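J.: Once you've had a glance at the structure underneath, I'll fire off some questions.
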Amino acid sequence: MLQQSIAQDSGVKALDPRRERRDHDALPAATGVKNAVLRGKVMPHLLRDELLCEIFAASVRATPNALAMLTLERRFTYREADAQADAIARGLAARDIGPGDVVGLWMARGPELLVAQIAIAKTGAAWLPFDADAPIERIAVCLADAAAKGLLTSKDFAAKGGSLLATAALVDEEIAIPGDGALPDPRALGATPDHPAYLIYTSGSTGTPKGIVVTSRNICHYLRAANEVYGVTSSDVVFQGTSVAFDLSMEEIWIPYLAGATLFVATPQIMAETEALPDIMEEAGVTVLDTVPTLLAVLPRDVTTLKTIVLGGEACPPSVVERWTRIGRTIYNSYGPTEATVVATVAEVWPNEAVTIGRPLPNYSCYVASETLELLAPGQEGELLIGGPGVARGYVRRDELTAQKFIVNPFDSDGFDPILYRSGDAVALDENGNLSFRGRIDDQIKIRGFRVELGEIEAALGQHRHIRQAAVVLRNESGLDELVAFLVAEQALLPESRDLRARLRERLPSYMVPSRYEIVATLPKLPSGKVDRKALTRVALTAPAASHEAEEQPRSATEAKLLEAAKRVLPPGAIAFDADFFTDLGGHSLLAARFISVVRETPRLASITLQDMYSQRTLRALAAHLDGKAQANQPQRDLSFTPP
């Protein structure tokens with residue numbers, strides 16, 4: 001969870017009257033140090049001989065009738081969720097799936113997905129999660145690389161997977177064996193805390209995704225260490241809206257299981273309707289929100305029931321901290337790569353203070369070192385190396401890369417960190433003993449919480465026959481992060497952005513598809529011959545030539561208003577009325593939320609919802625839909641009369 005350290009211009013450090021400062025015993029106190037080394041509180045009792053499934057089982061035994069999950073329509077107690085997971089676990093065990101095995105997990109967001117996750121854990125196997133809109137080809141590549149024994153999915157998703165995934169598909173409702181039959185006993189089958197609990201595949205610089213192996217020892221310790229800071233209890237209701245393909249979801253889902261709390265499970269429809277989210281959260285009594293700062297930035301108002309907010313996955317602007325600070329509420333800024341298991345450092349953040357990534361969690365350690373692994377002094381910028389029980393086992397079938405990134409600790413150690421992960425993040429230790437994030441030392445970025453190797457996108461673009469060279473950078477335009485691709489193309493046959501997006505979506509997840517495409521004569525180079533990405537972040541962006549994407553005129557007043565709104569939120573360029581807002585025009589959920597807000601400035605179109613966007617998708621279809629709604633809501637005039 002990549003968090004950028006951003007200081008406000010004022011630099012004033014004052015206690016904000018809307019919040020009370022809390023002391024966190026689990027976080028180390030700031031002390032004067034000669035070298036930039038930080039160690040979390042030593043808490044050996046957090047290191048236990050346990051499996052991930054045993055954490056859920058303990059809460060089932062302790063509070064079987066407590067609510068484990070709820071939606072707007074349904075409720076599941078811990079006992080009910082456990083029984084459903086047992087049925088699927090029996091079906092998996094009947095297919096000889098157990099400790100050391102990997103099972104893909106691909107389903108729509110909802111309770112069924114979370115139950116399936118628990119079921120895999122009950123067998124002692126590891127799950128490999130995929131986002132709901134992951135490309136079929138990418139799923140197949142990752143399953144093959146991980147030597148997965150199947151893909152646990154739903155009937156609808158199995159049909160979506162077609163022939164490419166047919167042999168791997170294990171449909172949850174078809175394999176489930178309900179009743180009181182024998183359950184798999186992972187311990188009896190040889191499972192240990194050092195067996196994989198889950199795999200997360202992230203973008204790879206060579207164009208192929210790479211898998212990270214996280215063990216039960218890694219994740220079980222993390223859950224306990226993190227909750228020493230967050231303090232989630234059985235009385236909390238935790239909002240669950242993150243994709244399981246993003247490892248932030250592990251703390252969002254499994255810390256509540258550890259505490260016996262309740263998950264409010266948000267559907268894609270709920271996540272899409274940001275205007276209504278505060279009302280929905282308050283109605284559900286949500287007290288804990290674990291999310292990316294961008295979501296908070298687009299919510300229209302405060303959520304009065306929130307007591308704890310945990311931010312991660314991207315830069316946290318001071319404006320978000322200022323806006324969401326309240327008495328009785330604690331806001332954390334968290335940081336950590338998947339290779340160090342979800343989160344490695346955390347800071348409580350305040351208005352009028354620098355936003356940092358804080359200090360290590362209990363039993364974690366952080367070192368700031370030079371390229372030659374020399375420890376640096378406070379204030380000097382260097383690479384962050386992370387140690388502790390959260391350091392993952394390494395990469396799947398990438399021994400050379402594992403050896404490069406996971407190194408034997410060359411520094412004085414307390415015994416908790418024999419192996420250090422080289423994060424590739426540039427940091428410095430500030431005067432208060434907090435880590436300040438300074439950016440990447442390589443070509444990796446994070447967008448909307450997902451970690452992306454720019455080289456993988458460039459490799460996919462390079463397969464287009466009319467593109468000679470491609471370079472992709474992350475830029476912040478109009479307050480939102482977006483990917484911009486700079487292309488050196490065959491001048492005679494310039495590729496259209498709609499065509500490029502369509503091709504990329506066949507291979508890459510939606511968050512990796514650039515929203516803008518700039519045709520340039522050459523790419524700026526460094527003396528080493530590499531592309532100068534910093535120069536590309538400063539290049540003025542232009543609109544595509546009108547000759548390649550001709551813009552038609554609106555047919556109605558509603559179409560004209562929608563076009564005007566689209567031009568205010570979408571990347572510059574001609575906008576076709578029949579183009580899909582998401583797949584053709586580079587839109588995503590956050591841009592859609594902005595579009596809705598702009599459209600609602602016109603009173604007669606104020607009834608538009610994000611659900612309208614997702615169902616209609618094009619401006620033309622949306623205009624017809626809105627006109628139809630307006631006509632249906634117009635009161636009918638009584639045209640009868642009494643003749644004289």
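Residues in the structure tokens are named by chain (A, B, ... in the order shown) and by number from 1 within that chain; ligands are numbered from 1 in the order shown.
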Against region 100-123 of chain A, which residues of region 169-280 of chain A fall within 9 Å? For each one I want the closest pair of atoms and the distance in Å (one decimal), counting only C-alpha atoms, rows by chain and increasing residue number, as CSV.
T.:
residue,atom,partner,partner_atom,distance
A:Ala169,CA,A:Gly104,CA,8.9
A:Asp172,CA,A:Ala116,CA,7.4
A:Leu183,CA,A:Thr123,CA,8.5
A:Pro184,CA,A:Thr123,CA,5.7
A:Asp185,CA,A:Thr123,CA,6.9
A:Pro186,CA,A:Thr123,CA,5.6
A:Ala191,CA,A:Gly100,CA,7.7
A:His195,CA,A:Gly100,CA,6.0
A:Pro196,CA,A:Gly100,CA,6.5
A:Ala197,CA,A:Ala121,CA,7.1
A:Tyr198,CA,A:Val102,CA,7.9
A:Leu199,CA,A:Val102,CA,8.1
A:Gly241,CA,A:Arg109,CA,8.2
A:Thr242,CA,A:Arg109,CA,8.8
A:Ser243,CA,A:Arg109,CA,7.4
A:Val244,CA,A:Arg109,CA,8.4
A:Ile253,CA,A:Leu114,CA,8.4
A:Val265,CA,A:Gly110,CA,6.1
A:Ala266,CA,A:Gly110,CA,6.8
A:Thr267,CA,A:Gly110,CA,5.9
A:Pro268,CA,A:Arg109,CA,6.7
J.: Just asking: which residues within region 98-305 of chain A are alpha helix (DSSP H) according to DSSP, as a ChimeraX atom specification?
T.: /A:111-123,136-145,155-165,172-175,216-230,248-259,268-272,277-284,293-298
J.: Give me, as a ChimeraX atom specification, all polymer residues having an atom no more than 10 Å from Ser423 (chain A), counting only C-alpha atoms and skipping those fewer than 5 positions away in the same chain.
T.: /A:336-340,383-386,405-406,440-441
J.: Mind writing the picked residues with C-alpha atoms as a PDB file, in the first residue's frame?
T.:
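Listed below is the output, again.pdb:
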ATOM      1  CA  GLY A 336       3.426  -1.936   2.677  1.00  0.00           C
ATOM      2  CA  PRO A 337       4.234  -3.998  -0.407  1.00  0.00           C
ATOM      3  CA  THR A 338       2.575  -7.385  -0.932  1.00  0.00           C
ATOM      4  CA  GLU A 339       5.996  -8.996  -0.411  1.00  0.00           C
ATOM      5  CA  ALA A 340       5.968  -7.784   3.227  1.00  0.00           C
ATOM      6  CA  GLU A 383      15.946   2.496  -0.450  1.00  0.00           C
ATOM      7  CA  LEU A 384      13.587   1.069   2.173  1.00  0.00           C
ATOM      8  CA  LEU A 385      14.401  -2.495   3.237  1.00  0.00           C
ATOM      9  CA  ILE A 386      11.736  -4.309   5.279  1.00  0.00           C
ATOM     10  CA  LYS A 405      14.719  -8.832  -3.816  1.00  0.00           C
ATOM     11  CA  PHE A 406      14.817 -11.054  -0.699  1.00  0.00           C
ATOM     12  CA  ARG A 440      10.087   4.797  -6.566  1.00  0.00           C
ATOM     13  CA  ILE A 441      13.638   4.012  -7.599  1.00  0.00           C
TER      14      ILE A 441
END
J.: Would you give me, as CSV, each residue of region 562-644 of chain A having an atom within 12 Å of an atom of region 287-297 of chain A, along with its shortest atom pair and that distance in Å to one decimal, using only C-alpha atoms and sorting by chain and residue number?
T.:
residue,atom,partner,partner_atom,distance
A:Ser589,CA,A:Leu295,CA,9.9
A:Leu590,CA,A:Leu295,CA,7.9
A:Leu591,CA,A:Thr294,CA,11.0
A:Ala593,CA,A:Leu295,CA,10.2
A:Arg594,CA,A:Ala297,CA,10.8
J.: So that I can see what lies close to Arg90 (chain A), please list as a list of chain:residue names the residues with an atom at most 9 Å from it, counting only C-alpha atoms and leaving out residues fewer than 2 positions away in the same chain.
T.: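 Within the cut-off, the hits are A:Ala85, A:Asp86, A:Ala87, A:Ile88, A:Leu92, A:Ala93, A:Ala94, A:Arg95, A:Ala119, A:Thr123, A:Ile175, A:Ala176, A:Ile177, A:Pro178, A:Gly181, A:Ala182, A:Leu183, A:Pro184.
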J.: Using all heavy atoms, can you write the selected residues to a file as a short mmCIF file (atom, residue, chain, number, x, y, z; two decimals), in the first residue's frame?
T.:
data_model
loop_
_atom_site.label_atom_id
_atom_site.label_comp_id
_atom_site.auth_asym_id
_atom_site.auth_seq_id
_atom_site.Cartn_x
_atom_site.Cartn_y
_atom_site.Cartn_z
N ALA A 85 -19.12 -22.70 4.10
CA ALA A 85 -17.72 -22.93 3.73
C ALA A 85 -17.36 -24.41 3.89
O ALA A 85 -16.60 -24.96 3.07
CB ALA A 85 -16.81 -22.05 4.58
N ASP A 86 -17.89 -25.05 4.92
CA ASP A 86 -17.64 -26.48 5.12
C ASP A 86 -18.08 -27.31 3.91
O ASP A 86 -17.38 -28.22 3.47
CB ASP A 86 -18.39 -26.98 6.36
CG ASP A 86 -17.71 -26.59 7.66
OD1 ASP A 86 -16.55 -26.12 7.61
OD2 ASP A 86 -18.34 -26.73 8.73
N ALA A 87 -19.26 -26.98 3.38
CA ALA A 87 -19.79 -27.74 2.24
C ALA A 87 -18.86 -27.65 1.03
O ALA A 87 -18.59 -28.65 0.35
CB ALA A 87 -21.18 -27.23 1.88
N ILE A 88 -18.36 -26.45 0.76
CA ILE A 88 -17.45 -26.28 -0.38
C ILE A 88 -16.11 -26.94 -0.09
O ILE A 88 -15.49 -27.55 -0.97
CB ILE A 88 -17.27 -24.78 -0.70
CG1 ILE A 88 -18.62 -24.16 -1.09
CG2 ILE A 88 -16.25 -24.58 -1.82
CD1 ILE A 88 -18.58 -22.66 -1.25
N LEU A 92 -13.92 -29.62 -2.32
CA LEU A 92 -12.53 -29.44 -2.73
C LEU A 92 -11.67 -30.61 -2.27
O LEU A 92 -10.83 -31.11 -3.03
CB LEU A 92 -11.98 -28.13 -2.16
CG LEU A 92 -12.60 -26.84 -2.69
CD1 LEU A 92 -12.11 -25.63 -1.88
CD2 LEU A 92 -12.27 -26.64 -4.17
N ALA A 93 -11.89 -31.05 -1.01
CA ALA A 93 -11.12 -32.17 -0.49
C ALA A 93 -11.39 -33.44 -1.29
O ALA A 93 -10.49 -34.26 -1.50
CB ALA A 93 -11.45 -32.39 0.98
N ALA A 94 -12.64 -33.60 -1.76
CA ALA A 94 -12.99 -34.76 -2.58
C ALA A 94 -12.23 -34.77 -3.90
O ALA A 94 -12.10 -35.81 -4.54
CB ALA A 94 -14.50 -34.79 -2.83
N ARG A 95 -11.74 -33.63 -4.30
CA ARG A 95 -10.93 -33.51 -5.52
C ARG A 95 -9.45 -33.46 -5.20
O ARG A 95 -8.64 -32.97 -5.98
CB ARG A 95 -11.38 -32.27 -6.31
CG ARG A 95 -12.72 -32.50 -7.00
CD ARG A 95 -13.49 -31.22 -7.27
NE ARG A 95 -14.75 -31.51 -7.95
CZ ARG A 95 -15.83 -31.96 -7.33
NH1 ARG A 95 -15.82 -32.17 -6.02
NH2 ARG A 95 -16.94 -32.22 -8.01
N ALA A 119 -13.49 -21.46 2.51
CA ALA A 119 -13.51 -22.88 2.18
C ALA A 119 -12.14 -23.36 1.72
O ALA A 119 -11.68 -24.43 2.11
CB ALA A 119 -14.56 -23.14 1.09
N THR A 123 -9.18 -26.24 3.65
CA THR A 123 -8.50 -27.43 3.11
C THR A 123 -6.99 -27.38 3.36
O THR A 123 -6.30 -28.38 3.14
CB THR A 123 -8.73 -27.54 1.60
OG1 THR A 123 -8.04 -26.47 0.92
CG2 THR A 123 -10.21 -27.51 1.25
N ILE A 175 -19.98 -28.30 -6.63
CA ILE A 175 -19.06 -29.19 -5.90
C ILE A 175 -19.39 -29.28 -4.42
O ILE A 175 -18.89 -30.16 -3.72
CB ILE A 175 -17.60 -28.75 -6.08
CG1 ILE A 175 -17.33 -27.43 -5.34
CG2 ILE A 175 -17.20 -28.65 -7.53
CD1 ILE A 175 -15.86 -27.13 -5.17
N ALA A 176 -20.23 -28.37 -3.90
CA ALA A 176 -20.53 -28.33 -2.47
C ALA A 176 -21.17 -29.64 -2.01
O ALA A 176 -22.04 -30.21 -2.69
CB ALA A 176 -21.45 -27.16 -2.15
N ILE A 177 -20.74 -30.12 -0.83
CA ILE A 177 -21.30 -31.33 -0.22
C ILE A 177 -21.85 -30.94 1.15
O ILE A 177 -21.14 -30.98 2.16
CB ILE A 177 -20.24 -32.44 -0.08
CG1 ILE A 177 -19.59 -32.75 -1.44
CG2 ILE A 177 -20.85 -33.70 0.52
CD1 ILE A 177 -18.44 -33.74 -1.35
N PRO A 178 -23.13 -30.52 1.20
CA PRO A 178 -23.70 -30.10 2.50
C PRO A 178 -23.92 -31.29 3.42
O PRO A 178 -23.84 -32.45 3.01
CB PRO A 178 -25.02 -29.44 2.08
CG PRO A 178 -25.35 -30.02 0.75
CD PRO A 178 -24.07 -30.41 0.10
N GLY A 181 -20.99 -34.46 6.92
CA GLY A 181 -19.90 -35.35 6.53
C GLY A 181 -18.56 -34.89 7.05
O GLY A 181 -18.40 -33.78 7.55
N ALA A 182 -17.59 -35.76 6.94
CA ALA A 182 -16.25 -35.46 7.44
C ALA A 182 -15.66 -34.25 6.73
O ALA A 182 -15.84 -34.06 5.53
CB ALA A 182 -15.34 -36.68 7.24
N LEU A 183 -14.96 -33.44 7.51
CA LEU A 183 -14.31 -32.25 6.97
C LEU A 183 -12.82 -32.50 6.81
O LEU A 183 -12.23 -33.28 7.55
CB LEU A 183 -14.51 -31.06 7.93
CG LEU A 183 -15.89 -30.41 7.91
CD1 LEU A 183 -16.04 -29.49 9.11
CD2 LEU A 183 -16.08 -29.64 6.62
N PRO A 184 -12.20 -31.82 5.85
CA PRO A 184 -10.75 -31.96 5.73
C PRO A 184 -10.06 -31.40 6.98
O PRO A 184 -10.47 -30.37 7.52
CB PRO A 184 -10.41 -31.11 4.50
CG PRO A 184 -11.55 -30.17 4.33
CD PRO A 184 -12.76 -30.90 4.83
#
J.: Tell me which protein, DNA and RNA residues are within 7 Å of Leu619 (chain A), counting only C-alpha atoms, leaving out same-chain ones fewer than 3 positions away, and put them as a count of residues only.
T.: 6
J.: Return as a VMD selection string the full set of residues in region 277-385 of chain A whose backbone-based DSSP assignment is strand (DSSP E or B).
T.: chain A and resid 288 to 291 308 to 311 330 to 335 345 to 348 355 358 to 360 365 to 369 375 382 to 385
J.: Those residues you just picked out, can you put them in a file as a short mmCIF file (atom, residue, chain, number, x, y, z; two decimals), in the first residue's frame with N, CA and C atoms?
T.:
data_model
loop_
_atom_site.label_atom_id
_atom_site.label_comp_id
_atom_site.auth_asym_id
_atom_site.auth_seq_id
_atom_site.Cartn_x
_atom_site.Cartn_y
_atom_site.Cartn_z
N VAL A 288 -15.80 1.06 10.76
CA VAL A 288 -14.41 0.98 10.29
C VAL A 288 -14.42 0.96 8.77
N LEU A 289 -13.61 1.85 8.17
CA LEU A 289 -13.47 1.90 6.72
C LEU A 289 -12.00 1.77 6.38
N ASP A 290 -11.65 0.77 5.57
CA ASP A 290 -10.28 0.50 5.15
C ASP A 290 -10.26 0.65 3.63
N THR A 291 -9.65 1.73 3.12
CA THR A 291 -9.83 2.01 1.70
C THR A 291 -8.69 2.87 1.16
N THR A 308 -13.02 4.60 12.84
CA THR A 308 -11.66 4.33 12.41
C THR A 308 -11.60 4.32 10.89
N ILE A 309 -10.62 5.03 10.33
CA ILE A 309 -10.38 5.01 8.89
C ILE A 309 -8.93 4.60 8.68
N VAL A 310 -8.72 3.56 7.88
CA VAL A 310 -7.38 3.12 7.52
C VAL A 310 -7.20 3.37 6.03
N LEU A 311 -6.22 4.20 5.69
CA LEU A 311 -5.97 4.55 4.30
C LEU A 311 -4.72 3.85 3.79
N THR A 330 -10.26 8.06 14.50
CA THR A 330 -8.83 7.92 14.28
C THR A 330 -8.58 7.60 12.81
N ILE A 331 -7.62 8.31 12.21
CA ILE A 331 -7.29 8.09 10.80
C ILE A 331 -5.84 7.62 10.71
N TYR A 332 -5.64 6.47 10.05
CA TYR A 332 -4.30 5.91 9.88
C TYR A 332 -3.90 5.98 8.41
N ASN A 333 -2.62 6.19 8.19
CA ASN A 333 -2.03 6.11 6.85
C ASN A 333 -1.10 4.91 6.86
N SER A 334 -1.34 3.93 5.98
CA SER A 334 -0.58 2.69 6.03
C SER A 334 0.23 2.50 4.75
N TYR A 335 1.30 1.73 4.88
CA TYR A 335 2.18 1.46 3.74
C TYR A 335 2.68 0.02 3.83
N THR A 345 4.31 -0.47 7.72
CA THR A 345 4.40 0.71 8.58
C THR A 345 3.06 1.42 8.61
N VAL A 346 2.84 2.19 9.68
CA VAL A 346 1.58 2.92 9.81
C VAL A 346 1.81 4.19 10.61
N ALA A 347 1.01 5.21 10.32
CA ALA A 347 1.07 6.48 11.04
C ALA A 347 -0.35 6.96 11.30
N GLU A 348 -0.56 7.54 12.45
CA GLU A 348 -1.81 8.27 12.68
C GLU A 348 -1.62 9.66 12.08
N VAL A 355 2.06 14.28 6.15
CA VAL A 355 1.52 12.93 6.04
C VAL A 355 2.69 11.99 5.72
N GLY A 358 4.96 6.67 8.57
CA GLY A 358 5.05 6.30 9.97
C GLY A 358 6.19 5.39 10.35
N ARG A 359 5.87 4.41 11.20
CA ARG A 359 6.86 3.52 11.79
C ARG A 359 6.40 2.07 11.67
N PRO A 360 7.32 1.12 11.90
CA PRO A 360 6.98 -0.29 11.68
C PRO A 360 5.94 -0.82 12.67
N SER A 365 10.73 -4.46 11.00
CA SER A 365 11.86 -3.53 11.04
C SER A 365 12.00 -2.86 9.69
N CYS A 366 12.59 -1.66 9.68
CA CYS A 366 12.81 -0.90 8.46
C CYS A 366 14.22 -0.30 8.47
N TYR A 367 14.91 -0.44 7.34
CA TYR A 367 16.25 0.09 7.18
C TYR A 367 16.25 1.00 5.95
N VAL A 368 16.94 2.14 6.06
CA VAL A 368 17.11 3.02 4.90
C VAL A 368 18.57 2.89 4.48
N ALA A 369 18.80 2.39 3.26
CA ALA A 369 20.16 2.06 2.83
C ALA A 369 20.45 2.61 1.44
N LEU A 375 24.03 1.72 5.49
CA LEU A 375 22.99 2.42 6.23
C LEU A 375 23.19 3.93 6.13
N GLY A 382 17.16 7.07 0.73
CA GLY A 382 17.68 5.78 0.29
C GLY A 382 16.57 4.79 0.07
N GLU A 383 16.94 3.55 -0.21
CA GLU A 383 15.95 2.50 -0.45
C GLU A 383 15.47 1.92 0.88
N LEU A 384 14.17 1.67 0.98
CA LEU A 384 13.59 1.07 2.17
C LEU A 384 13.69 -0.45 2.09
N LEU A 385 14.32 -1.04 3.10
CA LEU A 385 14.40 -2.50 3.24
C LEU A 385 13.54 -2.90 4.43
#
J.: Could you list, as a PyMOL selection string, every residue within 6 Å of region 76-79 of chain A, counting only C-alpha atoms and ignoring same-chain residues fewer than 6 positions away?
T.: chain A and resi 60+64-69
J.: Got time to write the residues from that selection, C-alpha atoms, as a PDB file, in the first residue's frame?
T.:
ATOM      1  CA  VAL A  60     -17.021 -19.438  15.112  1.00  0.00           C
ATOM      2  CA  PRO A  64     -21.355 -18.650  16.598  1.00  0.00           C
ATOM      3  CA  ASN A  65     -24.498 -16.500  16.560  1.00  0.00           C
ATOM      4  CA  ALA A  66     -22.743 -13.174  15.996  1.00  0.00           C
ATOM      5  CA  LEU A  67     -23.120 -11.554  12.585  1.00  0.00           C
ATOM      6  CA  ALA A  68     -20.177 -12.378  10.333  1.00  0.00           C
ATOM      7  CA  MET A  69     -21.456 -10.768   7.116  1.00  0.00           C
TER       8      MET A  69
END
